[in-house]
Structure formats: structure tokens, C-alpha cells
file work.cif (mmCIF, C-alpha atoms)
data_upload
#
loop_
_atom_site.label_atom_id
_atom_site.label_comp_id
_atom_site.auth_asym_id
_atom_site.auth_seq_id
_atom_site.Cartn_x
_atom_site.Cartn_y
_atom_site.Cartn_z
CA MET Q 381 10.78 4.63 -2.31
CA PRO Q 382 9.25 7.80 -0.82
CA ALA Q 383 7.23 7.67 2.37
CA GLU Q 384 3.47 7.52 1.92
CA TRP Q 385 3.07 10.98 3.48
CA ASP Q 386 5.36 12.54 0.86
CA PRO Q 387 3.53 14.40 -1.97
CA HIS Q 388 1.50 12.33 -4.42
CA SER Q 389 0.72 13.04 -8.02
CA ALA Q 390 -2.15 10.50 -7.89
CA THR Q 391 -3.71 7.51 -6.15
CA TRP Q 392 -4.40 4.32 -8.12
CA LEU Q 393 -7.53 2.25 -7.52
CA ALA Q 394 -9.29 -0.59 -9.35
CA TRP Q 395 -13.09 -0.69 -9.32
CA PRO Q 396 -14.55 -3.78 -7.56
CA HIS Q 397 -16.17 -6.37 -9.80
CA TYR Q 398 -15.22 -9.84 -8.53
CA ARG Q 399 -18.10 -10.95 -6.35
CA GLY Q 400 -16.12 -13.93 -5.11
CA ASP Q 401 -14.10 -11.61 -2.87
CA TRP Q 402 -17.26 -10.56 -0.99
CA PRO Q 403 -19.59 -13.58 -1.29
CA GLY Q 404 -23.09 -12.63 -0.23
CA LYS Q 405 -22.01 -9.08 0.64
CA PHE Q 406 -20.93 -7.46 -2.62
CA GLU Q 407 -23.76 -4.91 -2.97
CA PRO Q 408 -22.40 -2.24 -0.56
CA ILE Q 409 -18.80 -2.48 -1.80
CA PRO Q 410 -19.08 -0.15 -4.84
CA TRP Q 411 -20.60 2.50 -2.57
CA VAL Q 412 -17.67 2.20 -0.16
CA TYR Q 413 -15.35 2.76 -3.10
CA ALA Q 414 -17.39 5.75 -4.22
CA GLU Q 415 -17.08 7.30 -0.76
CA ILE Q 416 -13.32 6.79 -0.78
CA ILE Q 417 -13.02 8.34 -4.25
CA ARG Q 418 -15.21 11.26 -3.22
CA HIS Q 419 -12.73 12.20 -0.51
CA LEU Q 420 -9.53 11.43 -2.41
CA ALA Q 421 -10.51 13.39 -5.51
CA GLN Q 422 -10.78 16.56 -3.46
CA TYR Q 423 -7.03 16.43 -2.85
CA GLU Q 424 -5.38 14.54 -5.71
CA PRO Q 425 -6.13 12.80 -9.01
CA VAL Q 426 -7.55 9.30 -8.81
CA GLU Q 427 -6.39 6.89 -11.51
CA LEU Q 428 -9.28 4.42 -11.66
CA ILE Q 429 -8.99 1.05 -13.41
CA VAL Q 430 -12.18 -0.45 -14.84
CA GLN Q 431 -12.71 -3.66 -16.78
CA ASN Q 432 -13.92 -2.18 -20.07
CA ALA Q 433 -16.02 0.59 -21.64
CA ALA Q 434 -19.29 -0.86 -20.36
CA ALA Q 435 -17.92 -1.01 -16.84
CA GLU Q 436 -16.75 2.60 -17.10
CA ARG Q 437 -20.26 3.76 -18.00
CA SER Q 438 -21.66 1.90 -15.00
CA VAL Q 439 -18.99 3.28 -12.65
CA ARG Q 440 -19.64 6.83 -13.82
CA LYS Q 441 -23.31 6.41 -12.86
CA VAL Q 442 -22.40 5.17 -9.37
CA LEU Q 443 -19.93 8.01 -8.82
CA LYS Q 444 -22.43 10.61 -9.96
CA ALA Q 445 -25.13 9.17 -7.71
CA ALA Q 446 -22.72 9.30 -4.74
CA ASN Q 447 -21.60 12.87 -5.54
CA ALA Q 448 -18.14 11.43 -6.15
CA PHE Q 449 -17.70 12.10 -9.86
CA SER Q 450 -14.98 14.63 -10.53
CA ALA Q 451 -12.61 15.88 -13.19
CA ASN Q 452 -9.95 14.47 -10.86
CA VAL Q 453 -11.08 10.91 -11.67
CA ARG Q 454 -9.33 9.43 -14.70
CA PHE Q 455 -10.29 6.07 -16.15
CA HIS Q 456 -8.13 3.22 -17.47
CA ARG Q 457 -9.75 0.23 -19.18
CA TRP Q 458 -7.69 -2.82 -18.18
CA PRO Q 459 -8.99 -6.22 -17.03
CA THR Q 460 -8.20 -7.21 -13.44
CA ASN Q 461 -8.86 -10.31 -11.35
CA ARG Q 462 -9.12 -8.44 -8.05
CA VAL Q 463 -8.77 -4.89 -6.79
CA TRP Q 464 -5.95 -5.00 -4.24
CA MET Q 465 -3.67 -2.49 -5.96
CA ARG Q 466 -1.26 -2.28 -3.03
CA ASP Q 467 -0.12 -5.78 -3.93
CA SER Q 468 -0.68 -6.18 -7.66
CA GLY Q 469 0.22 -2.66 -8.82
CA CYS Q 470 3.74 -1.42 -9.41
CA ILE Q 471 5.65 0.48 -6.72
CA PHE Q 472 6.59 3.94 -7.94
CA LEU Q 473 9.98 5.39 -7.03
CA THR Q 474 11.58 8.78 -7.49
CA CYS Q 475 15.16 7.73 -8.12
CA GLY Q 476 17.63 10.57 -8.26
CA MET Q 477 15.57 12.81 -5.95
CA GLY Q 478 17.46 11.87 -2.79
CA PRO Q 479 19.95 9.49 -1.22
CA VAL Q 480 19.73 5.82 -2.18
CA ALA Q 481 21.51 3.25 -0.04
CA HIS Q 482 22.52 1.05 -2.97
CA ASN Q 483 21.79 1.22 -6.68
CA PRO Q 484 21.55 -2.07 -8.57
CA MET Q 485 21.49 -0.45 -12.02
CA GLN Q 486 24.32 -1.35 -14.34
CA PRO Q 487 26.14 1.42 -16.25
CA SER Q 488 24.41 2.39 -19.46
CA SER Q 489 24.86 5.35 -21.71
CA ALA Q 490 21.46 5.38 -23.36
CA GLY Q 491 18.39 4.73 -21.24
CA PRO Q 492 17.35 1.36 -19.81
CA ASP Q 493 19.18 -1.84 -20.67
CA SER Q 494 17.58 -5.07 -21.91
CA ARG Q 495 16.07 -5.73 -18.48
CA GLY Q 496 14.63 -2.25 -18.20
CA ARG Q 497 17.31 -1.11 -15.75
CA LEU Q 498 18.75 2.39 -15.59
CA SER Q 499 22.23 3.49 -14.71
CA PRO Q 500 22.76 6.03 -11.89
CA HIS Q 501 23.49 8.64 -14.55
CA ASP Q 502 20.24 7.94 -16.40
CA SER Q 503 18.14 8.07 -13.23
CA ALA Q 504 19.72 11.16 -11.74
CA ASN Q 505 17.35 13.49 -13.56
CA GLY Q 506 14.46 12.55 -11.26
CA GLN Q 507 12.74 10.28 -13.80
CA GLN Q 508 9.98 8.27 -12.18
CA LEU Q 509 10.64 4.56 -11.95
CA ALA Q 510 8.12 1.73 -11.58
CA LEU Q 511 9.19 -1.40 -9.74
CA LYS Q 512 7.28 -4.33 -11.22
CA PHE Q 513 7.67 -7.19 -8.80
CA ARG Q 514 6.15 -10.49 -9.87
CA PHE Q 515 2.65 -11.04 -8.47
CA ASN Q 516 1.49 -14.63 -7.90
CA GLY Q 517 -1.80 -14.18 -6.04
CA TRP Q 518 -0.19 -14.19 -2.58
CA ALA Q 519 1.06 -17.72 -3.35
CA LYS Q 520 -2.52 -18.78 -2.71
CA TYR Q 521 -4.96 -17.90 -5.51
CA SER Q 522 -4.66 -19.20 -9.07
CA ASN Q 523 -6.70 -16.43 -10.75
CA HIS Q 524 -4.11 -13.66 -10.85
CA GLN Q 525 -3.03 -13.51 -14.51
CA HIS Q 526 -4.66 -10.12 -15.23
CA ASP Q 527 -3.38 -8.66 -11.97
CA GLU Q 528 0.17 -9.73 -12.82
CA LYS Q 529 0.02 -7.39 -15.84
CA VAL Q 530 -1.45 -4.34 -14.09
CA GLY Q 531 1.88 -2.97 -12.88
CA ARG Q 532 3.22 -2.89 -16.43
CA HIS Q 533 0.09 -1.06 -17.63
CA MET Q 534 0.58 1.51 -14.86
CA ALA Q 535 4.22 2.06 -15.79
CA ARG Q 536 3.37 2.62 -19.44
CA ALA Q 537 0.45 4.94 -18.65
CA THR Q 538 2.70 7.14 -16.51
CA HIS Q 539 5.72 6.97 -18.85
CA ALA Q 540 7.79 5.55 -16.00
CA TYR Q 541 10.76 3.27 -16.52
CA GLU Q 542 9.72 -0.25 -15.58
CA ILE Q 543 12.21 -2.26 -13.53
CA GLN Q 544 11.68 -5.95 -12.80
CA PRO Q 545 13.57 -6.77 -9.60
CA MET Q 546 15.67 -9.90 -9.93
CA LEU Q 547 17.64 -12.21 -7.70
CA GLY Q 548 20.07 -13.88 -10.03
CA LYS Q 549 17.97 -14.95 -13.02
CA ARG Q 550 14.71 -15.16 -11.07
CA ARG Q 551 12.07 -12.46 -10.82
CA ILE Q 552 11.17 -11.62 -7.23
CA VAL Q 553 7.65 -11.90 -5.84
CA LEU Q 554 6.74 -9.10 -3.44
CA GLU Q 555 3.49 -7.37 -2.47
CA GLY Q 556 3.33 -3.73 -1.43
CA GLY Q 557 1.33 -4.63 1.68
CA SER Q 558 4.23 -6.72 2.99
CA ILE Q 559 6.46 -3.65 3.45
CA ASP Q 560 6.24 -0.13 4.84
CA VAL Q 561 8.94 2.55 4.48
CA ASN Q 562 9.80 5.89 6.03
CA GLY Q 563 11.35 7.25 2.84
CA ARG Q 564 14.66 7.80 4.63
CA GLY Q 565 16.16 4.33 4.40
CA ALA Q 566 14.17 2.22 6.89
CA LEU Q 567 11.64 -0.52 6.11
CA LEU Q 568 9.19 -2.63 8.12
CA THR Q 569 8.24 -6.20 7.21
CA THR Q 570 7.36 -9.54 8.84
CA GLU Q 571 9.00 -12.91 9.08
CA GLU Q 572 5.64 -14.66 8.77
CA CYS Q 573 5.02 -13.24 5.29
CA LEU Q 574 8.48 -13.39 3.75
CA LEU Q 575 10.32 -16.19 5.56
CA SER Q 576 7.59 -18.75 6.27
CA LYS Q 577 7.14 -21.92 4.20
CA VAL Q 578 3.38 -21.24 4.22
CA GLN Q 579 2.32 -19.25 1.12
CA GLU Q 580 6.01 -19.09 0.26
CA ARG Q 581 6.59 -16.34 -2.29
CA ASN Q 582 10.24 -16.92 -3.13
CA PRO Q 583 11.48 -20.41 -2.24
CA GLY Q 584 15.10 -20.31 -1.18
CA MET Q 585 15.23 -16.58 -0.45
CA THR Q 586 16.70 -15.81 2.97
CA ARG Q 587 16.55 -12.82 5.28
CA ALA Q 588 19.86 -11.61 3.81
CA HIS Q 589 18.51 -11.91 0.26
CA TYR Q 590 15.47 -9.80 1.10
CA GLU Q 591 17.57 -7.18 2.85
CA LYS Q 592 19.77 -6.87 -0.24
CA VAL Q 593 16.67 -6.50 -2.44
CA PHE Q 594 15.27 -3.78 -0.18
CA ALA Q 595 18.56 -1.88 -0.22
CA ASP Q 596 19.18 -2.27 -3.95
CA TYR Q 597 15.70 -1.58 -5.28
CA LEU Q 598 13.98 0.52 -2.61
CA GLY Q 599 16.88 2.43 -1.11
CA ALA Q 600 16.00 0.90 2.27
CA GLY Q 601 19.21 -0.33 3.80
CA HIS Q 602 17.79 -0.77 7.31
CA VAL Q 603 15.10 -3.41 7.89
CA VAL Q 604 13.02 -3.87 11.04
CA TRP Q 605 11.71 -7.44 11.10
CA LEU Q 606 8.49 -8.13 12.98
CA GLY Q 607 7.15 -11.60 13.71
CA ARG Q 608 3.58 -12.71 13.04
CA GLY Q 609 0.58 -10.93 11.57
CA ILE Q 610 -3.00 -10.77 12.80
CA LEU Q 611 -5.58 -13.53 12.79
CA GLY Q 612 -7.71 -13.72 9.65
CA ASP Q 613 -5.16 -12.18 7.29
CA ASP Q 614 -5.09 -14.45 4.25
CA THR Q 615 -1.88 -12.80 2.99
CA HIS Q 616 -0.11 -14.59 5.86
CA GLY Q 617 1.33 -11.65 7.72
CA HIS Q 618 1.24 -8.37 5.79
CA VAL Q 619 2.76 -5.59 7.84
CA ASP Q 620 0.16 -2.99 6.82
CA ASP Q 621 -2.29 -4.62 9.24
CA LEU Q 622 0.25 -4.38 12.08
CA THR Q 623 2.66 -1.48 12.13
CA ARG Q 624 3.09 1.65 10.00
CA PHE Q 625 5.51 4.53 9.76
CA VAL Q 626 3.80 7.87 10.36
CA ALA Q 627 7.00 9.95 10.46
CA PRO Q 628 10.67 9.22 9.76
CA ASP Q 629 11.26 8.27 13.41
CA THR Q 630 7.75 7.20 14.49
CA VAL Q 631 5.56 4.12 14.01
CA VAL Q 632 2.06 3.24 15.10
CA THR Q 633 1.51 -0.38 16.04
CA MET Q 634 -1.57 -2.39 16.91
CA VAL Q 635 -1.95 -3.92 20.37
CA GLU Q 636 -4.54 -6.27 21.84
CA PRO Q 637 -5.01 -5.84 25.62
CA ASP Q 638 -7.23 -8.93 25.95
CA ARG Q 639 -4.88 -11.74 26.92
CA LYS Q 640 -7.43 -14.34 25.76
CA ASP Q 641 -7.52 -12.94 22.22
CA PRO Q 642 -5.35 -14.86 19.72
CA ASN Q 643 -3.84 -11.54 18.57
CA HIS Q 644 -2.59 -10.61 22.02
CA GLU Q 645 0.67 -12.57 22.03
CA PRO Q 646 1.90 -11.88 18.45
CA LEU Q 647 1.14 -8.17 18.80
CA ARG Q 648 2.86 -8.07 22.20
CA ALA Q 649 5.94 -9.73 20.68
CA ASN Q 650 5.97 -7.24 17.80
CA LEU Q 651 5.71 -4.35 20.26
CA GLN Q 652 8.77 -5.62 22.12
CA ARG Q 653 10.73 -5.80 18.88
CA LEU Q 654 9.78 -2.25 18.00
CA LYS Q 655 10.80 -0.94 21.41
CA ALA Q 656 14.22 -2.50 20.89
CA ALA Q 657 14.51 -1.33 17.26
CA CYS Q 658 16.12 1.77 15.79
CA ASP Q 659 15.80 3.83 12.65
CA GLN Q 660 18.30 4.05 9.80
CA ASP Q 661 20.46 6.41 11.85
CA GLY Q 662 20.61 4.13 14.88
CA LYS Q 663 18.15 6.20 16.94
CA PRO Q 664 15.31 4.50 18.87
CA LEU Q 665 11.91 4.52 17.20
CA ASN Q 666 9.02 6.40 18.76
CA VAL Q 667 6.31 3.77 19.16
CA VAL Q 668 2.62 4.75 19.40
CA GLU Q 669 0.21 2.00 20.44
CA ILE Q 670 -3.32 1.76 19.03
CA PRO Q 671 -5.77 -0.82 20.42
CA MET Q 672 -7.35 -3.29 18.03
CA PRO Q 673 -11.10 -3.12 17.36
CA SER Q 674 -13.25 -5.83 18.88
CA PRO Q 675 -13.25 -9.01 16.77
CA VAL Q 676 -15.12 -8.65 13.47
CA CYS Q 677 -16.55 -11.98 12.33
CA PHE Q 678 -18.76 -13.06 9.45
CA GLN Q 679 -20.04 -16.54 8.64
CA GLY Q 680 -18.03 -17.88 11.54
CA ARG Q 681 -14.71 -16.46 10.32
CA ARG Q 682 -12.52 -13.89 12.09
CA LEU Q 683 -11.70 -11.05 9.68
CA PRO Q 684 -8.47 -8.97 9.61
CA ALA Q 685 -10.02 -5.76 10.93
CA SER Q 686 -7.26 -3.32 11.90
CA TYR Q 687 -6.87 0.44 12.16
CA ALA Q 688 -3.32 0.09 10.79
CA ASN Q 689 -4.73 -0.33 7.28
CA PHE Q 690 -5.13 3.44 6.85
CA TYR Q 691 -3.99 5.35 3.75
CA ILE Q 692 -2.10 8.65 3.82
CA ALA Q 693 -2.98 10.91 0.87
CA ASN Q 694 -2.39 14.56 0.07
CA GLY Q 695 -4.13 16.47 2.83
CA LEU Q 696 -6.04 13.59 4.39
CA VAL Q 697 -5.77 10.18 6.00
CA LEU Q 698 -8.45 7.57 5.23
CA VAL Q 699 -8.98 5.33 8.25
CA PRO Q 700 -10.98 2.08 8.37
CA VAL Q 701 -13.51 2.01 11.21
CA PHE Q 702 -15.84 -0.74 12.39
CA ASN Q 703 -18.56 0.82 14.57
CA ASP Q 704 -16.38 -0.03 17.55
CA ARG Q 705 -15.62 1.88 20.74
CA ASN Q 706 -11.94 1.99 19.77
CA ASP Q 707 -12.73 3.78 16.49
CA ARG Q 708 -12.55 7.12 18.29
CA VAL Q 709 -9.30 6.19 20.02
CA ALA Q 710 -7.66 5.36 16.69
CA LEU Q 711 -9.01 8.48 14.97
CA ASN Q 712 -7.83 10.76 17.77
CA MET Q 713 -4.37 9.24 17.79
CA LEU Q 714 -3.97 9.60 14.04
CA ALA Q 715 -5.30 13.17 14.19
CA SER Q 716 -2.56 14.03 16.68
CA LEU Q 717 0.07 12.46 14.44
CA PHE Q 718 -1.15 14.17 11.24
CA PRO Q 719 -2.19 17.68 12.37
CA GLY Q 720 -2.00 19.07 8.83
CA ARG Q 721 -4.32 16.47 7.33
CA GLU Q 722 -8.03 15.75 7.53
CA ILE Q 723 -8.75 12.43 9.25
CA VAL Q 724 -11.59 10.68 7.38
CA PRO Q 725 -13.23 7.56 8.85
CA ILE Q 726 -14.45 5.01 6.29
CA TYR Q 727 -16.82 2.33 7.56
CA SER Q 728 -15.15 -0.95 6.59
CA GLY Q 729 -17.26 -3.60 8.29
CA ASP Q 730 -18.43 -4.84 4.89
CA LEU Q 731 -15.21 -4.10 3.01
CA ILE Q 732 -13.14 -6.27 5.36
CA TRP Q 733 -15.10 -9.36 4.30
CA GLY Q 734 -12.81 -9.22 1.25
CA PHE Q 735 -9.84 -9.62 3.67
CA GLY Q 736 -8.52 -6.15 2.86
CA ALA Q 737 -9.24 -2.51 3.64
CA ILE Q 738 -8.17 0.95 2.53
CA HIS Q 739 -4.40 0.55 2.37
CA CYS Q 740 -4.77 -2.76 0.54
CA MET Q 741 -6.88 -1.20 -2.22
CA THR Q 742 -4.75 1.90 -2.87
CA GLN Q 743 -1.35 2.55 -4.44
CA GLN Q 744 0.25 5.96 -4.38
CA GLN Q 745 2.11 7.58 -7.25
CA PRO Q 746 4.65 9.96 -5.70
CA ALA Q 747 5.12 13.42 -7.13
CA LEU Q 748 8.44 14.08 -8.82
CA GLN Q 749 8.37 17.67 -7.57
CA PRO Q 750 6.96 18.98 -4.25
CA ALA Q 751 3.32 19.75 -4.94
CA TRP Q 752 1.58 19.71 -1.58
CA ASP Q 753 1.58 22.02 1.39
CA ALA Q 754 -0.64 20.63 4.13
CA ASP Q 755 -1.17 24.13 5.52
CA HIS Q 756 -2.07 25.60 2.12
CA PRO Q 757 -3.79 22.85 0.09
CA THR Q 758 -4.46 23.28 -3.60
CA GLN Q 759 -6.15 21.06 -6.13
CA GLU Q 760 -4.75 20.43 -9.57
CA LYS Q 761 -7.69 19.32 -11.68
CA THR Q 762 -7.33 17.13 -14.76
CA GLU Q 763 -9.91 16.10 -17.32
CA PRO Q 764 -11.17 12.50 -17.15
CA ALA Q 765 -10.05 10.16 -19.93
CA SER Q 766 -12.60 9.44 -22.61
#

call {"tool": "encode", "arguments": {"input": "work.cif", "output": "C-alpha cells"}}
result
Amino acid sequence: MPAEWDPHSATWLAWPHYRGDWPGKFEPIPWVYAEIIRHLAQYEPVELIVQNAAAERSVRKVLKAANAFSANVRFHRWPTNRVWMRDSGCIFLTCGMGPVAHNPMQPSSAGPDSRGRLSPHDSANGQQLALKFRFNGWAKYSNHQHDEKVGRHMARATHAYEIQPMLGKRRIVLEGGSIDVNGRGALLTTEECLLSKVQERNPGMTRAHYEKVFADYLGAGHVVWLGRGILGDDTHGHVDDLTRFVAPDTVVTMVEPDRKDPNHEPLRANLQRLKAACDQDGKPLNVVEIPMPSPVCFQGRRLPASYANFYIANGLVLVPVFNDRNDRVALNMLASLFPGREIVPIYSGDLIWGFGAIHCMTQQQPALQPAWDADHPTQEKTEPAS
């Protein structure tokens, strides 16, 4: 699995439609999406999923009104339950483009086998692969049947080989927001999300099982386990609200200086783990601390507002902000870490009422060949689908 800062051929999004994710606050959400698309489409194609033809016509009107419509926006008409593509979409790989710690594919002389698996020989040509983990609504929501199928639609639309990760005879449940990789063999995740009995994704799976899955299917043979996630996160501990790789040897991690805040202790404990951790080569990680925004609450509920939920695209980084004094601190820190990219703040005070932000709603499709030079950006335009 390439790092998020490696070149993309596209970003995948699904247009918001389920009002139940933003009860009483849905009206501004499409305009937040339009603003995100307006920026992304300047640097890379946006593969945009809409419910049907009628929805596409409506979305086109919104994008045109927001000056966000572009030939770089391509539509796909597939039903979805929700829009959190980081978790429901497939995870694209570029197998054969670099070193892989372990390869679970069984030998085959002619393409994928009955389970959609490729042999090392088949995948060595740089063919894009699509990991289709099982999606079960974060082991919490029952309305996820459409979202479970989205990853397969994405694989077919991109002509990628679909692989369904297995442990024995059982398909594995895993969301993209529960992991973060540096593209060089290291991976971040949390015990709260993957090892807890609460919202248990894969009953019976142990730490060792997960580490084998990460090595076999993601080429990530070195795992850094953090503890708990932030308050208000209904995924029960996704790492993309906590700590993110920003370079092969560097992570940013959220900290809460206020000792009375419920996030103070779990974030302090995670920081200590990171300071004691190493990368895939055994070298200490560079750890950059970013302070949390002040608590964001709505209808008496603490929301998972975090600057760690940024998204790294070709030539820019989209950063959630909350009209908070720490917005500028986070933006300045990320600007220093990504000098070749534009740092774009996206107001997410309304968006976070859906319990997710910019990283949660996006899924990158890595480029098979290097296509981006941050010092000399270019745009490859494509016509929108009819």
C-alpha cells in the first residue's frame, strides 16, 4: 500500500445524501463537499459516486453554482448508504512496484485464482490491485448493504484485480480509517479499534493475526500499536483521528494539554508509545505534536474534531479547521511538513456532526507510474462521464 503522499491517479468521493448522518444540520454539507471538490479537481481527477441519474443532475447544479464543476470530475451512479469512502471503499495497491514484506498470493499461471488472488509473477507487471475488505458498518450500524458493495464497483471501474483478504475461510473486516501507512513497510493502528470487544469487527482475531494480515496484504511488516482513540469517535478508535504518517520516518500526533479534558490521558499515552517506537528499519520515529482544537459539541454531544483527519492529495493537503485558535498552529505545522504542497483549510464544524471529516470521506487511488512533481505541478484533464 503506497503512502498517501505518493502520486495519485484520482481521489474517490461519494456525494452526501443520507440526512440521518447530519440530523438537523444537513443543508451546509453539500456545499462543504463542493468546496473540497473545487480544490481537489485542480490537481487530480475526482471520481464522484452519486445515487442515480437524478442525483447526478442535482449534483452538477451544486458544483456549477460553487464554481467547482470541472472536466476532472467523473461521475459513477451507484447507490450508497453513507459517504465515508475511507472505510467502505476498496484500498488500492500497486503490487509489483516495490518491495513487499510478504505476498499471500498462491502460484498461478493465468491471472487471478478462484478467490481473485494473483501470484507474484502475475502482479509483477505493476497491475493495480484493489483490496476489498468486508465492511459491516463499523460493527455498529445495520444499514450498510450498499456500502459493502462499493469497493467491488470501484475495482471494476478501474479494471483493478479485486482481492478479498481472508483469515482461513473467513473474510476480514477492516476500515481504511483504522490504519495509516508510510508506504515503506510500517503501519499505525489502535488496540481500541481492532482488539476491543466493543464494536468487535473480527471476533477471535488477535494482535498476531492482524499483523500477519497487514504484512501479507498491505506489505506492512512493522506495526506500531497505539492505545485509545479520541472522545466522540463512533468508530471506536480510528487512528486517522490520532496519528498520521507525513513522511517515511515522521508522524504527527494529536495532544491535549488540558489535564481535565478526557482526551488528555489517552493522547499522552499514545505519545509515549510513539516516542518509544521505531520505523520498519528500527530507527526512532520523528514525532511532531499538534494540539487538539477546543471541544466541539452539538446537542450536548462531544464530536471527534481533530486536525489529524487531513487528506494528502497531489499538490495540496486538505485540513479540517473549526474556527479555533489552534487552527493556525495546525496549518503552520502541516505547511512546514509539506513545503511542496498547498495547505487548504476546510471549515468542518458542520461536517464533523456526521462523526467524520476530510480523511474519512476520501479514498485515494495511487498512480501506477510517477505522475506528480510537487515543484512542477501539471493537471491531466479527463472528460466527465455521461

call {"tool": "residues_around", "arguments": {"input": "work.cif", "residues": "Ala414 in chain Q", "least_positions_apart": "6", "cutoff": "10 Å", "atoms": "all atoms listed in the file", "output": "ChimeraX atom specification"}}
result
/Q:395,420,439-440,442-449

call {"tool": "closest_residue", "arguments": {"input": "work.cif", "among": "Q:Thr742, Q:Ala537, Q:Gly565, Q:Leu654", "to": "Val426 in chain Q", "atoms": "only C-alpha atoms"}}
result
Q:Thr742

call {"tool": "resolve_selection", "arguments": {"input": "work.cif", "expression": "the PyMOL selection byres ((chain Q and resi 665-673) around 6)", "output": "ChimeraX atom specification"}}
result
/Q:629-636,658,664,674,706

call {"tool": "closest_residue", "arguments": {"input": "work.cif", "among": "Q:Asp730, Q:Ile692, Q:Leu567, Q:Thr391", "to": "Leu717 in chain Q", "atoms": "only C-alpha atoms"}}
result
Q:Ile692

call {"tool": "residues_around", "arguments": {"input": "work.cif", "residues": "Met585 in chain Q", "least_positions_apart": "5", "cutoff": "10 Å", "atoms": "only C-alpha atoms", "output": "list in words"}}
result
Leu547, Ile552, Leu574, Leu575, Glu580 and Tyr590 of chain Q

call {"tool": "closest_residue", "arguments": {"input": "work.cif", "among": "Q:Gln660, Q:Asn461, Q:Asn694, Q:Asn643", "to": "Arg682 in chain Q", "atoms": "all atoms listed in the file"}}
result
Q:Asn643

call {"tool": "resolve_selection", "arguments": {"input": "work.cif", "expression": "the PyMOL selection byres ((chain Q and resi 531) around 12)", "output": "ChimeraX atom specification"}}
result
/Q:392,394,429,458,460,464-472,509-515,525-530,532-538,540-544,555-556,743,745

call {"tool": "write_last_selection", "arguments": {"input": "work.cif", "atoms": "C-alpha atoms", "output": "mmCIF file, in the coordinates of the input"}}
result
data_model
loop_
_atom_site.group_PDB
_atom_site.id
_atom_site.type_symbol
_atom_site.label_atom_id
_atom_site.label_comp_id
_atom_site.auth_asym_id
_atom_site.auth_seq_id
_atom_site.Cartn_x
_atom_site.Cartn_y
_atom_site.Cartn_z
ATOM 1 C CA TRP Q 392 -4.400 4.320 -8.120
ATOM 2 C CA ALA Q 394 -9.290 -0.590 -9.350
ATOM 3 C CA ILE Q 429 -8.990 1.050 -13.410
ATOM 4 C CA TRP Q 458 -7.690 -2.820 -18.180
ATOM 5 C CA THR Q 460 -8.200 -7.210 -13.440
ATOM 6 C CA TRP Q 464 -5.950 -5.000 -4.240
ATOM 7 C CA MET Q 465 -3.670 -2.490 -5.960
ATOM 8 C CA ARG Q 466 -1.260 -2.280 -3.030
ATOM 9 C CA ASP Q 467 -0.120 -5.780 -3.930
ATOM 10 C CA SER Q 468 -0.680 -6.180 -7.660
ATOM 11 C CA GLY Q 469 0.220 -2.660 -8.820
ATOM 12 C CA CYS Q 470 3.740 -1.420 -9.410
ATOM 13 C CA ILE Q 471 5.650 0.480 -6.720
ATOM 14 C CA PHE Q 472 6.590 3.940 -7.940
ATOM 15 C CA LEU Q 509 10.640 4.560 -11.950
ATOM 16 C CA ALA Q 510 8.120 1.730 -11.580
ATOM 17 C CA LEU Q 511 9.190 -1.400 -9.740
ATOM 18 C CA LYS Q 512 7.280 -4.330 -11.220
ATOM 19 C CA PHE Q 513 7.670 -7.190 -8.800
ATOM 20 C CA ARG Q 514 6.150 -10.490 -9.870
ATOM 21 C CA PHE Q 515 2.650 -11.040 -8.470
ATOM 22 C CA GLN Q 525 -3.030 -13.510 -14.510
ATOM 23 C CA HIS Q 526 -4.660 -10.120 -15.230
ATOM 24 C CA ASP Q 527 -3.380 -8.660 -11.970
ATOM 25 C CA GLU Q 528 0.170 -9.730 -12.820
ATOM 26 C CA LYS Q 529 0.020 -7.390 -15.840
ATOM 27 C CA VAL Q 530 -1.450 -4.340 -14.090
ATOM 28 C CA ARG Q 532 3.220 -2.890 -16.430
ATOM 29 C CA HIS Q 533 0.090 -1.060 -17.630
ATOM 30 C CA MET Q 534 0.580 1.510 -14.860
ATOM 31 C CA ALA Q 535 4.220 2.060 -15.790
ATOM 32 C CA ARG Q 536 3.370 2.620 -19.440
ATOM 33 C CA ALA Q 537 0.450 4.940 -18.650
ATOM 34 C CA THR Q 538 2.700 7.140 -16.510
ATOM 35 C CA ALA Q 540 7.790 5.550 -16.000
ATOM 36 C CA TYR Q 541 10.760 3.270 -16.520
ATOM 37 C CA GLU Q 542 9.720 -0.250 -15.580
ATOM 38 C CA ILE Q 543 12.210 -2.260 -13.530
ATOM 39 C CA GLN Q 544 11.680 -5.950 -12.800
ATOM 40 C CA GLU Q 555 3.490 -7.370 -2.470
ATOM 41 C CA GLY Q 556 3.330 -3.730 -1.430
ATOM 42 C CA GLN Q 743 -1.350 2.550 -4.440
ATOM 43 C CA GLN Q 745 2.110 7.580 -7.250
#

call {"tool": "resolve_selection", "arguments": {"input": "work.cif", "expression": "the PyMOL selection byres ((chain Q and resi 421) around 12)", "output": "PyMOL selection string"}}
result
chain Q and resi 389-393+413-420+422-428+443+447-454+693-696+758-762+764

call {"tool": "atom_distance", "arguments": {"input": "work.cif", "atom1": "CA of Ile610 in chain Q", "atom2": "CA of Ser686 in chain Q"}}
result
8.6 Å

call {"tool": "atom_distance", "arguments": {"input": "work.cif", "atom1": "CA of Ala600 in chain Q", "atom2": "CA of Leu554 in chain Q"}}
result
14.8 Å

call {"tool": "residues_around", "arguments": {"input": "work.cif", "residues": "Gln679 in chain Q", "least_positions_apart": "2", "cutoff": "12 Å", "atoms": "all atoms listed in the file", "output": "ChimeraX atom specification"}}
result
/Q:402-405,676-677,681-683,733

call {"tool": "decode", "arguments": {"input": "work.cif", "residues": "range 661-680 of chain Q", "atoms": "C-alpha atoms", "output": "PDB file, in the first residue's frame"}}
result
ATOM      1  CA  ASP Q 661      14.232  -0.177   9.744  1.00  0.00           C
ATOM      2  CA  GLY Q 662      14.477   0.033  13.526  1.00  0.00           C
ATOM      3  CA  LYS Q 663      15.128   3.793  13.572  1.00  0.00           C
ATOM      4  CA  PRO Q 664      13.254   6.064  16.025  1.00  0.00           C
ATOM      5  CA  LEU Q 665      10.256   7.920  14.639  1.00  0.00           C
ATOM      6  CA  ASN Q 666      10.274  11.699  14.416  1.00  0.00           C
ATOM      7  CA  VAL Q 667       7.182  12.742  16.364  1.00  0.00           C
ATOM      8  CA  VAL Q 668       5.511  16.125  15.738  1.00  0.00           C
ATOM      9  CA  GLU Q 669       2.855  17.184  18.247  1.00  0.00           C
ATOM     10  CA  ILE Q 670      -0.248  19.142  17.208  1.00  0.00           C
ATOM     11  CA  PRO Q 671      -2.654  20.462  19.870  1.00  0.00           C
ATOM     12  CA  MET Q 672      -6.300  19.462  19.678  1.00  0.00           C
ATOM     13  CA  PRO Q 673      -8.927  22.105  18.907  1.00  0.00           C
ATOM     14  CA  SER Q 674     -11.158  23.192  21.757  1.00  0.00           C
ATOM     15  CA  PRO Q 675     -14.067  20.784  22.313  1.00  0.00           C
ATOM     16  CA  VAL Q 676     -16.675  20.890  19.539  1.00  0.00           C
ATOM     17  CA  CYS Q 677     -20.116  19.948  20.852  1.00  0.00           C
ATOM     18  CA  PHE Q 678     -23.588  19.840  19.340  1.00  0.00           C
ATOM     19  CA  GLN Q 679     -26.855  18.861  21.008  1.00  0.00           C
ATOM     20  CA  GLY Q 680     -24.925  18.016  24.141  1.00  0.00           C
TER      21      GLY Q 680
END
